[in-house]
file coords_39.cif (mmCIF, C-alpha atoms; chains and numbers go by the auth columns)
data_data
loop_
_atom_site.group_PDB
_atom_site.id
_atom_site.type_symbol
_atom_site.label_atom_id
_atom_site.label_comp_id
_atom_site.label_asym_id
_atom_site.label_seq_id
_atom_site.Cartn_x
_atom_site.Cartn_y
_atom_site.Cartn_z
_atom_site.B_iso_or_equiv
_atom_site.auth_seq_id
_atom_site.auth_asym_id
ATOM 1 C CA MET A 1 80.119 -6.641 -8.671 0.00 1 A
ATOM 2 C CA ILE A 2 83.433 -8.403 -8.370 0.00 2 A
ATOM 3 C CA PRO A 3 86.331 -5.921 -8.050 0.00 3 A
ATOM 4 C CA ILE A 4 89.443 -6.380 -10.180 0.00 4 A
ATOM 5 C CA LEU A 5 92.580 -4.228 -9.957 0.00 5 A
ATOM 6 C CA ILE A 6 94.675 -3.728 -13.101 0.00 6 A
ATOM 7 C CA ALA A 7 98.199 -2.310 -12.837 0.00 7 A
ATOM 8 C CA GLU A 8 99.335 -1.404 -16.369 0.00 8 A
ATOM 9 C CA ASP A 9 101.153 1.677 -17.638 0.00 9 A
ATOM 10 C CA ASP A 10 100.297 1.241 -21.331 0.00 10 A
ATOM 11 C CA GLU A 11 96.998 3.090 -21.739 0.00 11 A
ATOM 12 C CA HIS A 12 95.920 1.031 -24.759 0.00 12 A
ATOM 13 C CA ILE A 13 96.440 -2.273 -23.009 0.00 13 A
ATOM 14 C CA ALA A 14 94.776 -0.948 -19.846 0.00 14 A
ATOM 15 C CA LYS A 15 91.751 0.259 -21.845 0.00 15 A
ATOM 16 C CA LEU A 16 91.388 -3.070 -23.634 0.00 16 A
ATOM 17 C CA ILE A 17 91.539 -5.132 -20.450 0.00 17 A
ATOM 18 C CA SER A 18 89.206 -2.750 -18.639 0.00 18 A
ATOM 19 C CA PHE A 19 86.709 -2.792 -21.515 0.00 19 A
ATOM 20 C CA LYS A 20 86.660 -6.576 -21.731 0.00 20 A
ATOM 21 C CA LEU A 21 86.321 -7.185 -18.007 0.00 21 A
ATOM 22 C CA LYS A 22 83.621 -4.532 -17.548 0.00 22 A
ATOM 23 C CA ARG A 23 81.646 -6.129 -20.364 0.00 23 A
ATOM 24 C CA GLU A 24 81.933 -9.415 -18.478 0.00 24 A
ATOM 25 C CA GLY A 25 80.384 -7.741 -15.439 0.00 25 A
ATOM 26 C CA PHE A 26 83.436 -7.007 -13.315 0.00 26 A
ATOM 27 C CA GLU A 27 84.115 -3.771 -11.460 0.00 27 A
ATOM 28 C CA VAL A 28 87.505 -2.528 -12.634 0.00 28 A
ATOM 29 C CA GLU A 29 90.067 -0.008 -11.397 0.00 29 A
ATOM 30 C CA VAL A 30 93.289 0.826 -13.182 0.00 30 A
ATOM 31 C CA ALA A 31 96.586 1.824 -11.572 0.00 31 A
ATOM 32 C CA ARG A 32 98.985 3.493 -14.023 0.00 32 A
ATOM 33 C CA ASN A 33 102.188 2.486 -12.311 0.00 33 A
ATOM 34 C CA GLY A 34 103.517 0.312 -9.507 0.00 34 A
ATOM 35 C CA GLY A 35 103.314 3.114 -6.958 0.00 35 A
ATOM 36 C CA GLU A 36 99.608 3.676 -7.632 0.00 36 A
ATOM 37 C CA ALA A 37 99.061 -0.075 -7.565 0.00 37 A
ATOM 38 C CA ILE A 38 100.451 -0.296 -4.036 0.00 38 A
ATOM 39 C CA GLU A 39 98.300 2.683 -2.960 0.00 39 A
ATOM 40 C CA PHE A 40 95.208 1.004 -4.407 0.00 40 A
ATOM 41 C CA LEU A 41 95.803 -2.372 -2.712 0.00 41 A
ATOM 42 C CA ASP A 42 93.848 -1.399 0.400 0.00 42 A
ATOM 43 C CA ARG A 43 91.017 0.375 -1.450 0.00 43 A
ATOM 44 C CA LYS A 44 88.883 -2.691 -2.001 0.00 44 A
ATOM 45 C CA PRO A 45 88.850 -6.461 -1.382 0.00 45 A
ATOM 46 C CA TRP A 46 90.200 -7.222 -4.858 0.00 46 A
ATOM 47 C CA ARG A 47 89.129 -10.622 -6.107 0.00 47 A
ATOM 48 C CA VAL A 48 91.932 -10.678 -8.704 0.00 48 A
ATOM 49 C CA VAL A 49 94.909 -8.376 -9.320 0.00 49 A
ATOM 50 C CA ILE A 50 96.412 -8.108 -12.820 0.00 50 A
ATOM 51 C CA LEU A 51 100.020 -6.885 -12.806 0.00 51 A
ATOM 52 C CA ASP A 52 102.170 -5.782 -15.700 0.00 52 A
ATOM 53 C CA VAL A 53 105.859 -6.523 -15.119 0.00 53 A
ATOM 54 C CA MET A 54 107.476 -3.389 -16.550 0.00 54 A
ATOM 55 C CA MET A 55 105.942 -0.291 -14.973 0.00 55 A
ATOM 56 C CA PRO A 56 107.232 3.046 -13.738 0.00 56 A
ATOM 57 C CA VAL A 57 107.795 3.789 -10.021 0.00 57 A
ATOM 58 C CA HIS A 58 107.690 0.103 -8.985 0.00 58 A
ATOM 59 C CA ASP A 59 107.652 -2.895 -11.264 0.00 59 A
ATOM 60 C CA GLY A 60 105.159 -5.722 -11.042 0.00 60 A
ATOM 61 C CA TRP A 61 107.541 -7.899 -9.034 0.00 61 A
ATOM 62 C CA HIS A 62 107.762 -5.282 -6.310 0.00 62 A
ATOM 63 C CA VAL A 63 103.983 -4.956 -6.171 0.00 63 A
ATOM 64 C CA LEU A 64 103.580 -8.734 -6.010 0.00 64 A
ATOM 65 C CA LYS A 65 106.132 -9.040 -3.188 0.00 65 A
ATOM 66 C CA THR A 66 104.358 -6.234 -1.323 0.00 66 A
ATOM 67 C CA MET A 67 101.039 -8.043 -1.678 0.00 67 A
ATOM 68 C CA ARG A 68 102.423 -11.321 -0.389 0.00 68 A
ATOM 69 C CA GLU A 69 103.845 -9.577 2.688 0.00 69 A
ATOM 70 C CA ARG A 70 100.627 -7.702 3.480 0.00 70 A
ATOM 71 C CA PRO A 71 98.096 -9.361 5.808 0.00 71 A
ATOM 72 C CA GLY A 72 94.961 -10.231 3.925 0.00 72 A
ATOM 73 C CA LEU A 73 96.581 -10.124 0.493 0.00 73 A
ATOM 74 C CA GLU A 74 98.812 -13.189 0.771 0.00 74 A
ATOM 75 C CA GLN A 75 96.324 -15.357 -1.111 0.00 75 A
ATOM 76 C CA THR A 76 94.805 -12.789 -3.470 0.00 76 A
ATOM 77 C CA PRO A 77 94.974 -14.296 -6.964 0.00 77 A
ATOM 78 C CA VAL A 78 97.443 -12.506 -9.234 0.00 78 A
ATOM 79 C CA LEU A 79 97.748 -12.680 -13.015 0.00 79 A
ATOM 80 C CA MET A 80 101.085 -11.347 -14.313 0.00 80 A
ATOM 81 C CA LEU A 81 101.383 -9.847 -17.785 0.00 81 A
ATOM 82 C CA THR A 82 104.796 -10.763 -19.142 0.00 82 A
ATOM 83 C CA ALA A 83 106.592 -9.920 -22.375 0.00 83 A
ATOM 84 C CA LYS A 84 106.659 -12.685 -24.955 0.00 84 A
ATOM 85 C CA GLY A 85 109.756 -14.853 -24.932 0.00 85 A
ATOM 86 C CA ARG A 86 110.966 -13.781 -21.535 0.00 86 A
ATOM 87 C CA GLN A 87 111.078 -17.165 -19.872 0.00 87 A
ATOM 88 C CA LYS A 88 112.777 -15.837 -16.771 0.00 88 A
ATOM 89 C CA ASP A 89 109.729 -13.633 -16.199 0.00 89 A
ATOM 90 C CA VAL A 90 107.552 -16.722 -16.151 0.00 90 A
ATOM 91 C CA ALA A 91 109.860 -18.409 -13.615 0.00 91 A
ATOM 92 C CA THR A 92 109.897 -15.289 -11.441 0.00 92 A
ATOM 93 C CA ALA A 93 106.106 -15.038 -11.550 0.00 93 A
ATOM 94 C CA VAL A 94 105.768 -18.571 -10.244 0.00 94 A
ATOM 95 C CA GLU A 95 108.506 -18.117 -7.644 0.00 95 A
ATOM 96 C CA LEU A 96 106.929 -14.946 -6.222 0.00 96 A
ATOM 97 C CA GLY A 97 103.498 -16.501 -5.958 0.00 97 A
ATOM 98 C CA ALA A 98 101.516 -15.382 -8.986 0.00 98 A
ATOM 99 C CA GLN A 99 98.790 -17.856 -9.825 0.00 99 A
ATOM 100 C CA GLN A 100 98.795 -17.200 -13.549 0.00 100 A
ATOM 101 C CA TYR A 101 100.764 -15.383 -16.216 0.00 101 A
ATOM 102 C CA LEU A 102 99.867 -14.255 -19.697 0.00 102 A
ATOM 103 C CA THR A 103 102.315 -13.119 -22.345 0.00 103 A
ATOM 104 C CA LYS A 104 101.751 -9.974 -24.373 0.00 104 A
ATOM 105 C CA PRO A 105 100.259 -9.601 -26.869 0.00 105 A
ATOM 106 C CA PHE A 106 97.292 -11.507 -25.509 0.00 106 A
ATOM 107 C CA ASP A 107 93.867 -12.397 -26.734 0.00 107 A
ATOM 108 C CA PRO A 108 91.418 -10.325 -24.656 0.00 108 A
ATOM 109 C CA GLN A 109 89.019 -13.288 -24.465 0.00 109 A
ATOM 110 C CA GLU A 110 91.754 -15.521 -23.061 0.00 110 A
ATOM 111 C CA LEU A 111 92.587 -12.920 -20.436 0.00 111 A
ATOM 112 C CA SER A 112 88.923 -12.664 -19.499 0.00 112 A
ATOM 113 C CA ASP A 113 88.615 -16.465 -19.226 0.00 113 A
ATOM 114 C CA ARG A 114 91.658 -16.645 -16.946 0.00 114 A
ATOM 115 C CA VAL A 115 90.364 -13.853 -14.720 0.00 115 A
ATOM 116 C CA LYS A 116 87.013 -15.619 -14.386 0.00 116 A
ATOM 117 C CA LYS A 117 88.815 -18.798 -13.408 0.00 117 A
ATOM 118 C CA LEU A 118 90.954 -16.984 -10.835 0.00 118 A
ATOM 119 C CA ALA A 119 87.829 -15.278 -9.477 0.00 119 A
ATOM 120 C CA GLY A 120 86.237 -18.699 -9.000 0.00 120 A
ATOM 121 C CA LEU A 121 83.598 -18.126 -11.665 0.00 121 A
ATOM 122 C CA ALA A 122 84.648 -20.777 -14.147 0.00 122 A
ATOM 123 C CA MET B 1 86.634 -8.588 -31.424 0.00 1 B
ATOM 124 C CA ASP B 2 84.056 -6.591 -33.338 0.00 2 B
ATOM 125 C CA TRP B 3 86.256 -3.534 -33.904 0.00 3 B
ATOM 126 C CA ASP B 4 83.951 -1.752 -36.324 0.00 4 B
ATOM 127 C CA GLY B 5 80.593 -2.958 -35.041 0.00 5 B
ATOM 128 C CA ASP B 6 81.067 -1.968 -31.405 0.00 6 B
ATOM 129 C CA PRO B 7 81.289 1.847 -30.912 0.00 7 B
ATOM 130 C CA GLU B 8 83.367 1.576 -27.762 0.00 8 B
ATOM 131 C CA LEU B 9 85.824 -0.845 -29.364 0.00 9 B
ATOM 132 C CA LYS B 10 86.007 1.314 -32.477 0.00 10 B
ATOM 133 C CA ALA B 11 86.882 4.366 -30.381 0.00 11 B
ATOM 134 C CA MET B 12 89.608 2.420 -28.576 0.00 12 B
ATOM 135 C CA ARG B 13 91.066 1.172 -31.824 0.00 13 B
ATOM 136 C CA ASP B 14 90.929 4.687 -33.303 0.00 14 B
ATOM 137 C CA SER B 15 92.852 5.947 -30.291 0.00 15 B
ATOM 138 C CA PHE B 16 95.437 3.188 -30.748 0.00 16 B
ATOM 139 C CA LEU B 17 95.791 4.052 -34.441 0.00 17 B
ATOM 140 C CA VAL B 18 96.352 7.722 -33.593 0.00 18 B
ATOM 141 C CA SER B 19 99.106 6.680 -31.181 0.00 19 B
ATOM 142 C CA LEU B 20 100.970 4.972 -34.033 0.00 20 B
ATOM 143 C CA GLU B 21 101.920 8.216 -35.764 0.00 21 B
ATOM 144 C CA PRO B 22 104.180 9.609 -33.033 0.00 22 B
ATOM 145 C CA ARG B 23 105.617 6.113 -32.504 0.00 23 B
ATOM 146 C CA ARG B 24 106.437 5.894 -36.214 0.00 24 B
ATOM 147 C CA ASP B 25 108.063 9.356 -35.992 0.00 25 B
ATOM 148 C CA GLN B 26 110.045 8.261 -32.949 0.00 26 B
ATOM 149 C CA LEU B 27 111.195 5.111 -34.771 0.00 27 B
ATOM 150 C CA GLU B 28 112.232 7.133 -37.828 0.00 28 B
ATOM 151 C CA ALA B 29 114.248 9.497 -35.649 0.00 29 B
ATOM 152 C CA TRP B 30 116.090 6.575 -34.029 0.00 30 B
ATOM 153 C CA LEU B 31 116.708 4.932 -37.411 0.00 31 B
ATOM 154 C CA THR B 32 118.172 8.157 -38.776 0.00 32 B
ATOM 155 C CA SER B 33 120.401 8.390 -35.726 0.00 33 B
ATOM 156 C CA LEU B 34 121.396 4.735 -36.117 0.00 34 B
ATOM 157 C CA ALA B 35 122.262 5.188 -39.792 0.00 35 B
ATOM 158 C CA MET B 36 124.489 8.186 -38.990 0.00 36 B
ATOM 159 C CA SER B 37 126.092 6.679 -35.924 0.00 37 B
ATOM 160 C CA PRO B 38 125.315 3.172 -34.603 0.00 38 B
ATOM 161 C CA THR B 39 125.409 3.972 -30.874 0.00 39 B
ATOM 162 C CA PRO B 40 123.931 1.763 -28.111 0.00 40 B
ATOM 163 C CA ASP B 41 121.399 4.544 -27.397 0.00 41 B
ATOM 164 C CA ALA B 42 120.134 4.480 -30.969 0.00 42 B
ATOM 165 C CA VAL B 43 119.814 0.682 -30.912 0.00 43 B
ATOM 166 C CA ALA B 44 118.014 0.891 -27.553 0.00 44 B
ATOM 167 C CA GLY B 45 115.685 3.528 -28.981 0.00 45 B
ATOM 168 C CA VAL B 46 114.697 1.292 -31.905 0.00 46 B
ATOM 169 C CA GLN B 47 114.299 -1.662 -29.547 0.00 47 B
ATOM 170 C CA TYR B 48 112.032 0.273 -27.186 0.00 48 B
ATOM 171 C CA VAL B 49 109.617 1.200 -29.971 0.00 49 B
ATOM 172 C CA ALA B 50 109.692 -2.341 -31.371 0.00 50 B
ATOM 173 C CA HIS B 51 109.144 -3.867 -27.928 0.00 51 B
ATOM 174 C CA LYS B 52 106.157 -1.685 -27.034 0.00 52 B
ATOM 175 C CA LEU B 53 104.504 -2.304 -30.401 0.00 53 B
ATOM 176 C CA ALA B 54 105.180 -6.048 -30.192 0.00 54 B
ATOM 177 C CA GLY B 55 103.327 -6.216 -26.890 0.00 55 B
ATOM 178 C CA THR B 56 100.264 -4.269 -27.976 0.00 56 B
ATOM 179 C CA ALA B 57 99.550 -4.333 -31.696 0.00 57 B
ATOM 180 C CA GLU B 58 98.251 -7.889 -32.058 0.00 58 B
ATOM 181 C CA SER B 59 95.781 -7.351 -29.226 0.00 59 B
ATOM 182 C CA TYR B 60 94.266 -4.618 -31.417 0.00 60 B
ATOM 183 C CA GLY B 61 94.166 -6.822 -34.507 0.00 61 B
ATOM 184 C CA PHE B 62 97.520 -5.932 -36.087 0.00 62 B
ATOM 185 C CA ALA B 63 99.404 -9.214 -35.835 0.00 63 B
ATOM 186 C CA THR B 64 101.992 -8.290 -38.467 0.00 64 B
ATOM 187 C CA ILE B 65 103.162 -5.257 -36.477 0.00 65 B
ATOM 188 C CA THR B 66 103.630 -7.547 -33.484 0.00 66 B
ATOM 189 C CA ARG B 67 105.492 -10.084 -35.590 0.00 67 B
ATOM 190 C CA ILE B 68 107.960 -7.548 -36.985 0.00 68 B
ATOM 191 C CA GLY B 69 108.336 -5.787 -33.635 0.00 69 B
ATOM 192 C CA LEU B 70 108.962 -9.062 -31.851 0.00 70 B
ATOM 193 C CA ALA B 71 111.557 -10.239 -34.385 0.00 71 B
ATOM 194 C CA LEU B 72 113.403 -6.936 -34.102 0.00 72 B
ATOM 195 C CA ASP B 73 113.177 -6.820 -30.293 0.00 73 B
ATOM 196 C CA ASP B 74 114.347 -10.419 -29.909 0.00 74 B
ATOM 197 C CA LEU B 75 117.144 -9.974 -32.433 0.00 75 B
ATOM 198 C CA ILE B 76 118.552 -6.960 -30.607 0.00 76 B
ATOM 199 C CA ASP B 77 118.239 -8.737 -27.256 0.00 77 B
ATOM 200 C CA ARG B 78 119.962 -11.922 -28.337 0.00 78 B
ATOM 201 C CA ALA B 79 122.658 -10.337 -30.526 0.00 79 B
ATOM 202 C CA GLY B 80 123.900 -8.186 -27.654 0.00 80 B
ATOM 203 C CA PRO B 81 126.628 -5.556 -28.191 0.00 81 B
ATOM 204 C CA GLY B 82 127.684 -7.083 -31.511 0.00 82 B
ATOM 205 C CA VAL B 83 124.286 -6.475 -33.098 0.00 83 B
ATOM 206 C CA ASP B 84 124.309 -5.880 -36.853 0.00 84 B
ATOM 207 C CA GLY B 85 123.350 -2.186 -37.204 0.00 85 B
ATOM 208 C CA GLY B 86 122.546 -2.587 -40.889 0.00 86 B
ATOM 209 C CA LEU B 87 120.073 -5.389 -40.187 0.00 87 B
ATOM 210 C CA ILE B 88 118.457 -3.337 -37.419 0.00 88 B
ATOM 211 C CA CYS B 89 118.066 -0.433 -39.865 0.00 89 B
ATOM 212 C CA ARG B 90 116.466 -2.688 -42.449 0.00 90 B
ATOM 213 C CA GLY B 91 114.189 -4.307 -39.868 0.00 91 B
ATOM 214 C CA GLY B 92 113.309 -0.899 -38.450 0.00 92 B
ATOM 215 C CA ALA B 93 112.514 0.387 -41.937 0.00 93 B
ATOM 216 C CA LEU B 94 110.195 -2.584 -42.479 0.00 94 B
ATOM 217 C CA LEU B 95 108.454 -1.821 -39.195 0.00 95 B
ATOM 218 C CA SER B 96 108.097 1.812 -40.255 0.00 96 B
ATOM 219 C CA VAL B 97 106.567 0.775 -43.600 0.00 97 B
ATOM 220 C CA ALA B 98 104.174 -1.545 -41.791 0.00 98 B
ATOM 221 C CA LEU B 99 103.140 1.277 -39.458 0.00 99 B
ATOM 222 C CA GLU B 100 102.543 3.579 -42.446 0.00 100 B
ATOM 223 C CA TRP B 101 100.293 0.927 -43.974 0.00 101 B
ATOM 224 C CA VAL B 102 98.271 0.520 -40.806 0.00 102 B
ATOM 225 C CA ILE B 103 97.961 4.289 -40.282 0.00 103 B
ATOM 226 C CA ALA B 104 96.792 4.844 -43.869 0.00 104 B
ATOM 227 C CA ARG B 105 94.558 1.799 -44.365 0.00 105 B
ATOM 228 C CA ARG B 106 93.632 0.739 -40.829 0.00 106 B
ATOM 229 C CA GLU B 107 94.280 -2.874 -41.722 0.00 107 B
ATOM 230 C CA ASP B 108 96.963 -5.421 -40.941 0.00 108 B
ATOM 231 C CA PRO B 109 99.707 -5.498 -43.647 0.00 109 B
ATOM 232 C CA LYS B 110 99.826 -9.281 -43.925 0.00 110 B
ATOM 233 C CA HIS B 111 101.625 -9.162 -47.280 0.00 111 B
ATOM 234 C CA LEU B 112 104.737 -7.756 -45.593 0.00 112 B
ATOM 235 C CA VAL B 113 105.506 -11.049 -43.880 0.00 113 B
ATOM 236 C CA LYS B 114 106.759 -12.346 -47.212 0.00 114 B
ATOM 237 C CA ASP B 115 109.126 -9.412 -47.517 0.00 115 B
ATOM 238 C CA ALA B 116 112.764 -10.340 -47.904 0.00 116 B
ATOM 239 C CA VAL B 117 113.713 -8.227 -44.902 0.00 117 B
ATOM 240 C CA MET B 118 111.225 -10.072 -42.702 0.00 118 B
ATOM 241 C CA ALA B 119 112.705 -13.359 -43.885 0.00 119 B
ATOM 242 C CA GLU B 120 116.169 -12.030 -43.154 0.00 120 B
ATOM 243 C CA LEU B 121 115.171 -10.848 -39.665 0.00 121 B
ATOM 244 C CA GLU B 122 113.566 -14.127 -38.717 0.00 122 B
ATOM 245 C CA GLY B 123 116.298 -16.155 -40.410 0.00 123 B
ATOM 246 C CA LYS B 124 118.975 -14.263 -38.513 0.00 124 B
ATOM 247 C CA LEU B 125 117.055 -14.697 -35.259 0.00 125 B
ATOM 248 C CA SER B 126 116.694 -18.415 -35.905 0.00 126 B
ATOM 249 C CA LEU B 127 120.454 -18.602 -36.485 0.00 127 B
ATOM 250 C CA LEU B 128 121.153 -16.796 -33.235 0.00 128 B
ATOM 251 C CA LEU B 129 118.837 -19.146 -31.350 0.00 129 B
ATOM 252 C CA THR B 130 120.565 -22.163 -32.892 0.00 130 B
ATOM 253 C CA GLU B 131 124.001 -20.844 -31.956 0.00 131 B
ATOM 254 C CA ARG B 132 123.004 -20.623 -28.321 0.00 132 B
#
call {"tool": "encode", "arguments": {"input": "coords_39.cif", "output": "structure tokens"}}
result
Amino acid sequence: MIPILIAEDDEHIAKLISFKLKREGFEVEVARNGGEAIEFLDRKPWRVVILDVMMPVHDGWHVLKTMRERPGLEQTPVLMLTAKGRQKDVATAVELGAQQYLTKPFDPQELSDRVKKLAGLA
Amino acid sequence: MDWDGDPELKAMRDSFLVSLEPRRDQLEAWLTSLAMSPTPDAVAGVQYVAHKLAGTAESYGFATITRIGLALDDLIDRAGPGVDGGLICRGGALLSVALEWVIARREDPKHLVKDAVMAELEGKLSLLLTER
């Protein structure tokens, strides 16, 4: 199964994403904050990493920067979850090397479709 | 999403609905504080609740909660320190009513979008966007 890492502190959003992706056949792990996300980076060869921007311990930007500086993770596809209307978040996502972004609230099917595309399955 | 037909989805939605009660209580507490004394902390408290709900509710099928939350969150953001405390209280009260509806009936309160307060919130936001 294809491993996906989700870093999201809101339990309801994390559950929804996890549910949808598992139903699509992915293997999913959830980090509850940016610190856990960084710890989990070396656990598996993540095919896609989904990062929320606002998280405790470290925010999504910090995790993304850490990934891009870590050998082996420079090219790992990242989907950022940004708050609606925050255009500067979109610009930052692109600047720091995220491949995709999705604003909250999102349609779970759209998120799933984007993950499949990033994973090279669509 | 088949919220009622899929047991796992239903359980997730039930859990989300349960989480709305303490959030409504938190909002009410901030609104009471705001009405007594319009401090930046009270405004920030209302904004936090509105922001979190705006980012989650529609994904669980409650688009109106997102719409009200987003209007309130954006309004507070764009108005800055000179934010109209009375309008925030009215918008917050509308959000609280919407949450009550969802908690009691487990359905999206679409009729609220025609509410005068909603129109005022979005009208004021539109004005702020035009001014900038």
call {"tool": "resolve_selection", "arguments": {"input": "coords_39.cif", "expression": "the PyMOL selection byres ((chain B) within 7 of (chain A))", "output": "PyMOL selection string"}}
result
chain B and resi 16+54-56+58-59
call {"tool": "residues_around", "arguments": {"input": "coords_39.cif", "residues": "segment 43-60 of chain A", "least_positions_apart": "6", "cutoff": "6 Å", "atoms": "all atoms listed in the file", "output": "PDB file with C-alpha atoms, keeping the file's coordinate frame"}}
result
ATOM      1  CA  PRO A   3      86.331  -5.921  -8.050  1.00  0.00           C
ATOM      2  CA  ILE A   4      89.443  -6.380 -10.180  1.00  0.00           C
ATOM      3  CA  LEU A   5      92.580  -4.228  -9.957  1.00  0.00           C
ATOM      4  CA  ILE A   6      94.675  -3.728 -13.101  1.00  0.00           C
ATOM      5  CA  ALA A   7      98.199  -2.310 -12.837  1.00  0.00           C
ATOM      6  CA  GLU A   8      99.335  -1.404 -16.369  1.00  0.00           C
ATOM      7  CA  ASP A   9     101.153   1.677 -17.638  1.00  0.00           C
ATOM      8  CA  ASN A  33     102.188   2.486 -12.311  1.00  0.00           C
ATOM      9  CA  GLY A  34     103.517   0.312  -9.507  1.00  0.00           C
ATOM     10  CA  GLY A  35     103.314   3.114  -6.958  1.00  0.00           C
ATOM     11  CA  PRO A  77      94.974 -14.296  -6.964  1.00  0.00           C
ATOM     12  CA  VAL A  78      97.443 -12.506  -9.234  1.00  0.00           C
ATOM     13  CA  LEU A  79      97.748 -12.680 -13.015  1.00  0.00           C
ATOM     14  CA  MET A  80     101.085 -11.347 -14.313  1.00  0.00           C
ATOM     15  CA  LEU A  81     101.383  -9.847 -17.785  1.00  0.00           C
ATOM     16  CA  THR A  82     104.796 -10.763 -19.142  1.00  0.00           C
ATOM     17  CA  ALA A 119      87.829 -15.278  -9.477  1.00  0.00           C
TER      18      ALA A 119
END
call {"tool": "resolve_selection", "arguments": {"input": "coords_39.cif", "expression": "the PyMOL selection byres ((chain B and resi 93) around 12)", "output": "count of residues only"}}
result
34
call {"tool": "residues_near_point", "arguments": {"input": "coords_39.cif", "point": "(118.7, -7.4, -29.1)", "cutoff": "12 Å", "atoms": "all atoms listed in the file", "output": "PyMOL selection string"}}
result
chain B and resi 40+43-48+50-51+69-85+87-88+121+124-125+128-129
call {"tool": "axis_aligned_box", "arguments": {"input": "coords_39.cif", "around": "segment 113-122 of chain A", "padding_each_side": "6 Å", "output": "lines of an AutoDock Vina configuration file"}}
result
center_x = 87.6
center_y = -17.3
center_z = -14.1
size_x = 20.1
size_y = 18.9
size_z = 22.2
call {"tool": "atom_distance", "arguments": {"input": "coords_39.cif", "atom1": "atom CA of Ala119 of chain B", "atom2": "atom CA of Met36 of chain B"}}
result
25.0 Å
call {"tool": "atom_distance", "arguments": {"input": "coords_39.cif", "atom1": "atom CA of Ile103 of chain B", "atom2": "atom CA of Glu21 of chain B"}}
result
7.2 Å
call {"tool": "atom_distance", "arguments": {"input": "coords_39.cif", "atom1": "atom CA of Ala11 of chain B", "atom2": "atom CA of Ser18 of chain A"}}
result
13.9 Å
call {"tool": "closest_residue", "arguments": {"input": "coords_39.cif", "among": "B:Phe62, B:Arg13, B:Pro38, B:Val49", "to": "Trp101 of chain B", "atoms": "all atoms listed in the file"}}
result
B:Phe62
call {"tool": "residues_around", "arguments": {"input": "coords_39.cif", "residues": "Arg106 of chain B", "least_positions_apart": "4", "cutoff": "9 Å", "atoms": "all atoms listed in the file", "output": "PDB file with C-alpha atoms, in the coordinates of the input"}}
result
ATOM      1  CA  ASP B  14      90.929   4.687 -33.303  1.00  0.00           C
ATOM      2  CA  LEU B  17      95.791   4.052 -34.441  1.00  0.00           C
ATOM      3  CA  TRP B 101     100.293   0.927 -43.974  1.00  0.00           C
ATOM      4  CA  VAL B 102      98.271   0.520 -40.806  1.00  0.00           C
TER       5      VAL B 102
END
call {"tool": "closest_residue", "arguments": {"input": "coords_39.cif", "among": "A:Thr76, A:Leu96, A:Gln87, A:Glu29", "to": "His62 of chain A", "atoms": "only C-alpha atoms"}}
result
A:Leu96
